[in-house]
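Note sheet for the following structure.
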Amino acid sequence: MLHNRIRTLAAAFTIAAAGTAQTAPQLRADNIDAVLRAMTLEEKAQLLVGDGHASFVGSGAMLGHQSRLVAGAAGQTVAIPRLGIPATVLTDGPAGVHIDARREGSTATFYATGFPVGTCLAATWNPQLVYSVGQAMGKETLEYGCDVILGPGLNIQRNPLGGRNFEYYSEDPLLTGVIGAAMIRGIQSQGVGTSPKHFAVNSQEGDRTRVDERVSQRALREIYLRGFERAVREAQPWTLMAAYNKINGTFDQGNYDLLTKVLRQDWGYKGIVMTDWIGKRDGLTTASEIHAGDNLLMPGYPDQVKDIMDGVNNGTIKQEDLDRNVREMLEYIVKSPAFRKYAYSNKPDLHAHAQITRQASAEGMVLLKNDGVLPVSALKTVALFGVNSYDFFSGGLGSGCVNVPYVVDMVQGLKNAGIATTPMLTDIYRKYVSYAAAKLKADKNPEMWFLDQGQPKLDEIDITDRLIAHEEPLADAAIITIARQAGEGMDRPASEFALSDRERDMINRVSDHFHRVGKPVIVIINSGASIETASWRDRADAILVAWQPGEEGGNSVADVLTGKVNPSGHLTVTWPVAISDDASTADFPAQPDYYALTDKFAAGNLKGVNYTNHSEDIYVGYRYYDTFGRKPAYPFGFGLSYTTFGFSRLTAKRVGSNVVVSVSVKNTGRVAGKQVAQLYVAAPKGVLEKPRKELKGFAKTRLLQPGESETLTISVPVRDLASYDTKGCRWLAEAGVYTFLVGDNVAHTPLAATLKLAEYTEKTSDALPPQSVLKVLR
Ligand code: BGC
């Protein structure tokens, strides 16, 4: 109650009201038209511009922390008390609620649960589990007084170097859409909104606020937009965030084709669109943003309110566009907790949510290699190498980080599972971690604000033979953590894909020593994105990808290592042998560092003139490797288990507008486990060129006991088999014989069934045409 009162008071000064409170209608779900009629032009303009201005402009406040109502939340909308319109609060996401953990003048804490990053969640291939994570995230959003959480991130992981890959789900649009829809439904089941982002093609961070993403209409529809499309159609997010970048010459936030033709006309979207946090753009008028269907300009500047009022007065903004955008804002507001005066507690059940994040991250971890050393049995003491064993990356950097109450690192996680770490090594690393944290703070560049999230990136410890020789006799095994951090505003340099000399040296020396006496070496990869593995994997007996698994990370790793949880995660991106193998790398901005990049862009360009070609077109990720016979280090969909599974009895039949595929999965090994049946479809040869096969569905078993089977059913709408036919502006699934392949990764599909299908077509708008400079594309 108290918080709601503060909310109303804080908002009360925002609007110079016209008319009196007695005569003005008060907003209800059933009187939106009346309220719209009662609004002055200024009030309408205010409602379309975020309430960032009072606190932000000229104050030096940090971008993405503009809410006055909830400290540390990303922003808020304007309140108009005269009409009973409350302010609503938008908080970052997507790995949990991003608000300040402490507030001035208060001893209370406002920590939020750090859930696994997007890639880890998607690697569960378990939409139900993701739904339950969404429910927990939605509860925290609600109980911390927020109305919308800014996520999930639905961009395609186009290249392993993408700076925000960790926030996104996959290189594949179907997986992105299914996991995204589950997350949105989970969060929104709690009566708060989501904002899938960044719509669209924000698949690089390099020059993200200016770059023009040049991409064919076919790749747009089939790869970059399709995940958003599924999420919109299946889960109806309340809001959607337009990306900073341009697509084919036009900024997304002022792109009529994107925000109206595709999103609203083709997909039937009913929610609001907000901009990413930037304000006015060079070469884009506020009027064109309003026309494009951008309802909410974030974080919001006074100039933009004036622009809207001037635009309506001078005719550059049509009254009907203005009213449409305002009406949609009001429709959004009546759904919000702020509108129903929800009495939030500031006390979400962090304890219960810790259990959910622990379970989800364990299920998302991917076992890449196991020479029989896992699960560990009778392991008493380990020598734990790598600085991030002691300073585990629970999440990524930037707006997507969460102020977590704690992070369970590897030492703690192992300890909780009854496994000790060798004392001297632990002490050396612990001291180093404190030193590195202090150094980072002292060296902090104020513009790199997102590096101030307490996570040292350095590893300056030389693991000498003498040190290892001292540790080895005290330990039953060695565990080495190799970690990578990434964040907003910059992509990873190619050098970070490879191991550093120091890391390579550490793996070599540790494995030499431990293998000499027959003790195992286990490598944990603590990274939100892929790294190079092919050159060193022979040195490890087991490799587990832990991703950035949230605050319970160390416990989840221990759960998997000890076999408490049998790994069932599968890669959602291809792991290349070399970064240059990836079809998109040639066009991907390689950034030595942020400042060099900015200078290069300012001076002209890194590659071309502030644009990125998508020359690989539809051949993103496995679509390239699989079609053109390139062998990756680990294929899309790959993931081992402590047991074995067999697939059998595959059938595919047409039922109405779907193809229904059924397959039996049997646990043929000795321990209980879950398996994912991945359904790939190879299309008949026709007019449109196609990838060799594409993921069209998947299903995960329950926990199967040894010898137990489960029949999984996967329903594929025929519409999903279609490719985009640019010439005809339509979805087209050509007539012919389709092959339905089932397996446990894209390179292993032992079962196949065929089905003859008639042609399917569906008209779309003609949107987002590429410019003529895009010669490389069809
Ligand atoms: C990011 C968004 C984020 C917003 C608000 C932007 O810089 O790109 O993902 O939601 O800031 O913090």
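Chains: A, B, ... in order of the structure tokens. Residues: from 1 per chain. Ligands: from 1, in order shown.
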Original post:
Using only C-alpha atoms and all ligand atoms, which protein or nucleic acid residues are at most 8 Å from ligand 1, as a list of chain:residue names?
Top reply: A:Leu63, A:Gly64, A:His65, A:Ala73, A:Ala74, A:Gly75, A:Thr91, A:Asp92, A:Gly93, A:Leu150, A:Gly151, A:Gly153, A:Lys197, A:His198, A:Met241, A:Ala243, A:Tyr244, A:Asp276, A:Trp277, A:Ile278, A:Pro299, A:Gly398, A:Ser399, A:Gly400, A:Glu488, A:Gly489
Same residues, C-alpha atoms, saved as a tab-separated table (two decimals), in the first residue's frame:
chain	number	residue	atom	x	y	z
A	63	LEU	CA	21.34	4.90	-19.03
A	64	GLY	CA	18.94	2.11	-18.21
A	65	HIS	CA	18.40	3.30	-14.63
A	73	ALA	CA	14.75	-0.11	-12.88
A	74	ALA	CA	15.29	0.84	-16.51
A	75	GLY	CA	12.50	3.38	-16.90
A	91	THR	CA	12.78	-3.24	-15.48
A	92	ASP	CA	15.55	-5.10	-17.27
A	93	GLY	CA	15.75	-8.59	-17.82
A	150	LEU	CA	12.46	-6.17	-20.59
A	151	GLY	CA	13.03	-9.58	-22.12
A	153	GLY	CA	16.10	-11.62	-25.85
A	197	LYS	CA	13.84	-7.67	-27.73
A	198	HIS	CA	15.64	-6.42	-29.73
A	241	MET	CA	11.32	-3.49	-27.90
A	243	ALA	CA	16.32	-2.50	-31.69
A	244	TYR	CA	18.85	0.31	-32.05
A	276	ASP	CA	15.44	0.78	-27.01
A	277	TRP	CA	16.99	3.33	-24.65
A	278	ILE	CA	18.29	6.01	-26.96
A	299	PRO	CA	13.87	6.53	-21.99
A	398	GLY	CA	25.29	-4.80	-19.13
A	399	SER	CA	21.59	-4.26	-18.67
A	400	GLY	CA	21.16	-8.04	-18.64
A	488	GLU	CA	26.37	-4.98	-24.01
A	489	GLY	CA	27.90	-2.51	-26.43
Considering only C-alpha atoms, give me a table of residues in segment 44-122 of chain A that are at most 6 Å from segment 161-177 of chain A, with the closest atom pair and distance in Å for each, as a Markdown table.
| residue | atom | partner | partner_atom | distance |
| --- | --- | --- | --- | --- |
| A:Val117 | CA | A:Glu167 | CA | 5.7 |
| A:Gly118 | CA | A:Glu167 | CA | 4.7 |
| A:Thr119 | CA | A:Tyr169 | CA | 4.6 |
| A:Ala122 | CA | A:Tyr169 | CA | 5.3 |
Original post:
So what do you get for atom CA of Tyr390 of chain A versus atom CA of Ile463 of chain A, distance-wise?
Top reply: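 So the two atoms, atom CA of Tyr390 of chain A and atom CA of Ile463 of chain A, lie 15.1 Å apart.
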Original post:
Which neighbours of Phe636 of chain A fall inside 9 Å, counting only C-alpha atoms, when residues of the same chain fewer than 2 positions from it are skipped, and could you give them as a list in words?
Top reply: Glu171, His570, Leu571, Thr572, Val573, Thr574, Trp575, Gly621, Tyr622, Pro632, Tyr634, Phe638, Asn745, Val746 and Ala747 of chain A
Would you output that residue set with N, CA and C atoms, as a tab-separated table (two decimals), in the first residue's frame?
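Result saved to again_21.tsv:
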chain	number	residue	atom	x	y	z
A	171	GLU	N	20.89	-20.07	-32.48
A	171	GLU	CA	21.08	-19.69	-33.89
A	171	GLU	C	19.87	-20.11	-34.71
A	570	HIS	N	21.47	-29.71	-24.49
A	570	HIS	CA	22.00	-29.86	-25.85
A	570	HIS	C	22.31	-28.47	-26.40
A	571	LEU	N	23.37	-28.39	-27.20
A	571	LEU	CA	23.79	-27.10	-27.75
A	571	LEU	C	22.68	-26.47	-28.58
A	572	THR	N	22.55	-25.17	-28.45
A	572	THR	CA	21.57	-24.46	-29.27
A	572	THR	C	22.27	-23.65	-30.35
A	573	VAL	N	23.59	-23.77	-30.36
A	573	VAL	CA	24.41	-23.16	-31.42
A	573	VAL	C	25.50	-24.16	-31.80
A	574	THR	N	25.97	-24.03	-33.04
A	574	THR	CA	27.09	-24.84	-33.50
A	574	THR	C	28.37	-24.34	-32.83
A	575	TRP	N	29.22	-25.23	-32.41
A	575	TRP	CA	30.54	-24.83	-31.87
A	575	TRP	C	31.58	-25.08	-32.97
A	621	GLY	N	24.49	-20.53	-38.87
A	621	GLY	CA	24.72	-21.66	-37.97
A	621	GLY	C	24.72	-22.99	-38.71
A	622	TYR	N	23.98	-23.96	-38.14
A	622	TYR	CA	24.04	-25.31	-38.70
A	622	TYR	C	23.52	-25.37	-40.13
A	632	PRO	N	31.96	-29.08	-37.75
A	632	PRO	CA	32.25	-28.22	-36.60
A	632	PRO	C	32.92	-29.02	-35.49
A	634	TYR	N	31.59	-29.21	-32.41
A	634	TYR	CA	30.39	-29.87	-31.89
A	634	TYR	C	29.19	-29.34	-32.66
A	638	PHE	N	24.02	-30.96	-30.08
A	638	PHE	CA	24.84	-31.99	-29.44
A	638	PHE	C	24.77	-31.91	-27.92
A	745	ASN	N	21.16	-34.83	-32.48
A	745	ASN	CA	21.79	-33.58	-32.90
A	745	ASN	C	21.72	-33.53	-34.42
A	746	VAL	N	22.05	-32.39	-34.99
A	746	VAL	CA	21.83	-32.22	-36.43
A	746	VAL	C	22.68	-33.19	-37.25
A	747	ALA	N	23.81	-33.63	-36.69
A	747	ALA	CA	24.68	-34.55	-37.43
A	747	ALA	C	24.40	-36.01	-37.10
Subject >> Surrounding residues of segment 25-38 of chain A excluding itself and chain neighbours under 3 positions, 12 Å, only C-alpha atoms, as a PyMOL selection string >> reply: chain A and resi 17-22+41-45+47+79-86+319-320+322-336+339-340
N, CA, C and O atoms of the current selection, written as a compact mmCIF listing (two decimals), in the first residue's frame:
# COMPACT_ATOMS: atom_id res chain seq x y z
N ALA A 17 -2.17 19.40 -15.70
CA ALA A 17 -3.48 18.88 -16.09
C ALA A 17 -4.37 19.95 -16.69
O ALA A 17 -4.34 21.10 -16.30
N ALA A 18 -5.14 19.52 -17.67
CA ALA A 18 -6.17 20.40 -18.21
C ALA A 18 -7.51 19.86 -17.72
O ALA A 18 -7.71 18.66 -17.65
N GLY A 19 -8.38 20.72 -17.35
CA GLY A 19 -9.67 20.26 -16.84
C GLY A 19 -9.56 19.89 -15.38
O GLY A 19 -8.49 19.94 -14.79
N THR A 20 -10.62 19.45 -14.79
CA THR A 20 -10.58 19.13 -13.37
C THR A 20 -10.80 17.65 -13.18
O THR A 20 -11.40 16.98 -14.01
N ALA A 21 -10.30 17.16 -12.02
CA ALA A 21 -10.41 15.73 -11.73
C ALA A 21 -11.87 15.29 -11.66
O ALA A 21 -12.19 14.16 -11.98
N GLN A 22 -12.78 16.23 -11.25
CA GLN A 22 -14.19 15.85 -11.10
C GLN A 22 -14.84 15.51 -12.42
O GLN A 22 -15.62 14.58 -12.54
N LEU A 41 -3.78 17.33 -26.17
CA LEU A 41 -2.67 16.95 -27.04
C LEU A 41 -1.40 16.73 -26.21
O LEU A 41 -0.65 15.79 -26.43
N GLU A 42 -1.18 17.60 -25.24
CA GLU A 42 0.02 17.46 -24.42
C GLU A 42 0.02 16.14 -23.65
O GLU A 42 1.04 15.46 -23.55
N GLU A 43 -1.13 15.80 -23.12
CA GLU A 43 -1.21 14.54 -22.37
C GLU A 43 -0.94 13.34 -23.29
O GLU A 43 -0.24 12.40 -22.91
N LYS A 44 -1.49 13.41 -24.49
CA LYS A 44 -1.24 12.29 -25.43
C LYS A 44 0.25 12.20 -25.75
O LYS A 44 0.84 11.12 -25.75
N ALA A 45 0.84 13.36 -26.01
CA ALA A 45 2.27 13.36 -26.35
C ALA A 45 3.09 12.84 -25.18
O ALA A 45 4.03 12.05 -25.36
N LEU A 47 2.22 10.74 -22.92
CA LEU A 47 2.05 9.31 -22.70
C LEU A 47 2.91 8.48 -23.65
O LEU A 47 3.24 7.33 -23.38
N ALA A 79 2.69 9.24 -15.65
CA ALA A 79 1.38 9.14 -15.01
C ALA A 79 0.56 10.38 -15.36
O ALA A 79 1.11 11.47 -15.50
N ILE A 80 -0.74 10.19 -15.52
CA ILE A 80 -1.64 11.34 -15.70
C ILE A 80 -2.76 11.19 -14.67
O ILE A 80 -3.83 10.63 -14.95
N PRO A 81 -2.51 11.67 -13.45
CA PRO A 81 -3.46 11.45 -12.36
C PRO A 81 -4.86 11.98 -12.67
O PRO A 81 -5.86 11.40 -12.25
N ARG A 82 -4.92 13.09 -13.44
CA ARG A 82 -6.23 13.68 -13.78
C ARG A 82 -7.16 12.64 -14.40
O ARG A 82 -8.37 12.67 -14.20
N LEU A 83 -6.57 11.68 -15.15
CA LEU A 83 -7.40 10.70 -15.86
C LEU A 83 -7.25 9.30 -15.26
O LEU A 83 -7.65 8.31 -15.87
N GLY A 84 -6.65 9.24 -14.09
CA GLY A 84 -6.48 7.94 -13.43
C GLY A 84 -5.49 7.04 -14.16
O GLY A 84 -5.59 5.82 -14.11
N ILE A 85 -4.53 7.66 -14.85
CA ILE A 85 -3.52 6.87 -15.58
C ILE A 85 -2.26 6.80 -14.72
O ILE A 85 -1.62 7.82 -14.48
N PRO A 86 -1.92 5.60 -14.25
CA PRO A 86 -0.74 5.49 -13.39
C PRO A 86 0.54 5.37 -14.23
O PRO A 86 0.48 5.04 -15.41
N GLN A 319 -3.46 12.75 -36.88
CA GLN A 319 -4.22 12.56 -35.64
C GLN A 319 -4.53 11.07 -35.42
O GLN A 319 -4.44 10.56 -34.31
N GLU A 320 -4.86 10.40 -36.52
CA GLU A 320 -5.25 8.98 -36.34
C GLU A 320 -4.07 8.11 -35.91
O GLU A 320 -4.24 7.16 -35.14
N LEU A 322 -1.55 9.24 -34.06
CA LEU A 322 -1.36 9.61 -32.66
C LEU A 322 -2.37 8.86 -31.79
O LEU A 322 -2.00 8.23 -30.79
N ASP A 323 -3.63 8.92 -32.19
CA ASP A 323 -4.68 8.29 -31.37
C ASP A 323 -4.52 6.77 -31.31
O ASP A 323 -4.75 6.16 -30.27
N ARG A 324 -4.11 6.19 -32.41
CA ARG A 324 -3.90 4.73 -32.41
C ARG A 324 -2.81 4.37 -31.40
O ARG A 324 -2.98 3.47 -30.57
N ASN A 325 -1.71 5.12 -31.43
CA ASN A 325 -0.60 4.81 -30.51
C ASN A 325 -1.01 5.03 -29.06
O ASN A 325 -0.65 4.25 -28.18
N VAL A 326 -1.77 6.09 -28.82
CA VAL A 326 -2.20 6.38 -27.44
C VAL A 326 -3.19 5.30 -26.98
O VAL A 326 -3.09 4.80 -25.85
N ARG A 327 -4.10 4.93 -27.85
CA ARG A 327 -5.10 3.90 -27.47
C ARG A 327 -4.36 2.60 -27.07
O ARG A 327 -4.67 1.99 -26.04
N GLU A 328 -3.37 2.24 -27.86
CA GLU A 328 -2.63 1.00 -27.54
C GLU A 328 -1.89 1.13 -26.20
O GLU A 328 -1.79 0.17 -25.44
N MET A 329 -1.41 2.34 -25.93
CA MET A 329 -0.76 2.56 -24.62
C MET A 329 -1.77 2.36 -23.49
O MET A 329 -1.46 1.73 -22.48
N LEU A 330 -2.95 2.91 -23.68
CA LEU A 330 -3.98 2.77 -22.62
C LEU A 330 -4.38 1.31 -22.46
O LEU A 330 -4.59 0.83 -21.34
N GLU A 331 -4.46 0.59 -23.58
CA GLU A 331 -4.80 -0.85 -23.50
C GLU A 331 -3.72 -1.60 -22.73
O GLU A 331 -4.01 -2.55 -22.00
N TYR A 332 -2.49 -1.17 -22.91
CA TYR A 332 -1.38 -1.79 -22.14
C TYR A 332 -1.51 -1.43 -20.66
O TYR A 332 -1.41 -2.29 -19.77
N ILE A 333 -1.76 -0.18 -20.39
CA ILE A 333 -1.77 0.28 -18.99
C ILE A 333 -2.87 -0.41 -18.17
O ILE A 333 -2.64 -0.79 -17.01
N VAL A 334 -4.03 -0.63 -18.78
CA VAL A 334 -5.11 -1.25 -17.98
C VAL A 334 -4.80 -2.70 -17.60
O VAL A 334 -5.46 -3.27 -16.73
N LYS A 335 -3.80 -3.28 -18.26
CA LYS A 335 -3.43 -4.65 -17.87
C LYS A 335 -2.41 -4.67 -16.73
O LYS A 335 -2.12 -5.71 -16.15
N SER A 336 -1.83 -3.51 -16.42
CA SER A 336 -0.64 -3.50 -15.56
C SER A 336 -0.98 -3.62 -14.08
O SER A 336 -2.05 -3.21 -13.63
N PHE A 339 -1.94 -0.31 -12.59
CA PHE A 339 -3.33 0.11 -12.80
C PHE A 339 -4.25 -0.54 -11.77
O PHE A 339 -5.16 0.09 -11.24
N ARG A 340 -4.00 -1.82 -11.48
CA ARG A 340 -4.88 -2.47 -10.50
C ARG A 340 -4.38 -2.24 -9.07
O ARG A 340 -4.83 -2.89 -8.13
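If you look at atom CA of Val681 of chain A and atom CA of Phe228 of chain A, they are 21.0 Å away from each other.
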Subject >> Residue nearest Tyr342 of chain A among A:Gly697, A:Pro691, A:Gly145, A:Gly180 (counting only C-alpha atoms) >> reply: A:Gly145
Original post:
Rounded to one decimal in Å, what is the spacing between atom CA of Ser535 of chain A and atom CA of Arg509 of chain A?
Top reply: 14.9 Å
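Minimum atom-to-atom distances from A:Trp267, A:Arg702, A:Ala682, A:Glu710 to Gly646 of chain A were compared using only C-alpha atoms, and the lowest value belongs to A:Glu710.
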Subject >> Test item: residues at most 9 Å from segment 365-367 of chain A, only C-alpha atoms, excluding those fewer than 5 positions along its chain, as a PyMOL selection string >> reply: chain A and resi 120-121+123-124+360+542-547+549+556-557+560+567-571+638-641
Write out the residues from the selection above, keeping C-alpha atoms, as a PDB file, in the first residue's frame.
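So the final result, stored in out-v4.pdb, reads:
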ATOM      1  CA  CYS A 120      21.583 -21.985 -20.879  1.00  0.00           C
ATOM      2  CA  LEU A 121      17.790 -21.907 -20.605  1.00  0.00           C
ATOM      3  CA  ALA A 123      19.895 -25.576 -23.936  1.00  0.00           C
ATOM      4  CA  THR A 124      17.405 -27.360 -21.659  1.00  0.00           C
ATOM      5  CA  ALA A 360      17.079 -25.055 -14.662  1.00  0.00           C
ATOM      6  CA  ALA A 542      35.482 -34.617 -19.558  1.00  0.00           C
ATOM      7  CA  ILE A 543      34.179 -31.236 -20.693  1.00  0.00           C
ATOM      8  CA  LEU A 544      31.031 -29.685 -19.280  1.00  0.00           C
ATOM      9  CA  VAL A 545      29.570 -26.436 -20.617  1.00  0.00           C
ATOM     10  CA  ALA A 546      28.086 -24.695 -17.589  1.00  0.00           C
ATOM     11  CA  TRP A 547      27.268 -21.491 -19.519  1.00  0.00           C
ATOM     12  CA  PRO A 549      24.176 -20.510 -15.030  1.00  0.00           C
ATOM     13  CA  SER A 556      24.304 -26.965 -10.426  1.00  0.00           C
ATOM     14  CA  VAL A 557      27.770 -27.915 -11.688  1.00  0.00           C
ATOM     15  CA  VAL A 560      25.882 -32.707 -12.724  1.00  0.00           C
ATOM     16  CA  PRO A 567      22.997 -34.021 -18.014  1.00  0.00           C
ATOM     17  CA  SER A 568      20.363 -33.555 -20.686  1.00  0.00           C
ATOM     18  CA  GLY A 569      21.279 -30.172 -22.134  1.00  0.00           C
ATOM     19  CA  HIS A 570      21.997 -29.856 -25.851  1.00  0.00           C
ATOM     20  CA  LEU A 571      23.790 -27.097 -27.746  1.00  0.00           C
ATOM     21  CA  PHE A 638      24.843 -31.991 -29.439  1.00  0.00           C
ATOM     22  CA  GLY A 639      24.900 -33.112 -25.790  1.00  0.00           C
ATOM     23  CA  LEU A 640      25.928 -36.283 -23.957  1.00  0.00           C
ATOM     24  CA  SER A 641      24.270 -38.106 -21.089  1.00  0.00           C
TER      25      SER A 641
END
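Once Ser715 of chain A and its same-chain neighbours fewer than 4 positions away are set aside, A:Asn658, A:Val659, A:Val660, A:Val661 remain within 7 Å of it when counting only C-alpha atoms.
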Original post:
Got a sec: who's within 9 Å of Lys666 of chain A, counting only C-alpha atoms, leaving out chain neighbours fewer than 3 positions off, as a ChimeraX atom specification?
Top reply: /A:644-648,669,675,704,706-711
**OP:** Pick out each residue of segment 270-396 of chain A that DSSP on the backbone tags as helix (DSSP H, G or I); I need them as number ranges by chain.
**Re:** A: 286-292, 302-314, 319-333, 350-364, 387-389
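Between Ala378 of chain A and the residues A:Gln359, A:Thr562, A:Glu503, A:Tyr344, the shortest atom-to-atom distance, using only C-alpha atoms, involves A:Thr562.
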Original post:
Taking the backbone alone, and naming residues the way the document does, which bits of segment 68-251 of chain A are strand (DSSP E) by DSSP, as a count of residues only?
Top reply: 22
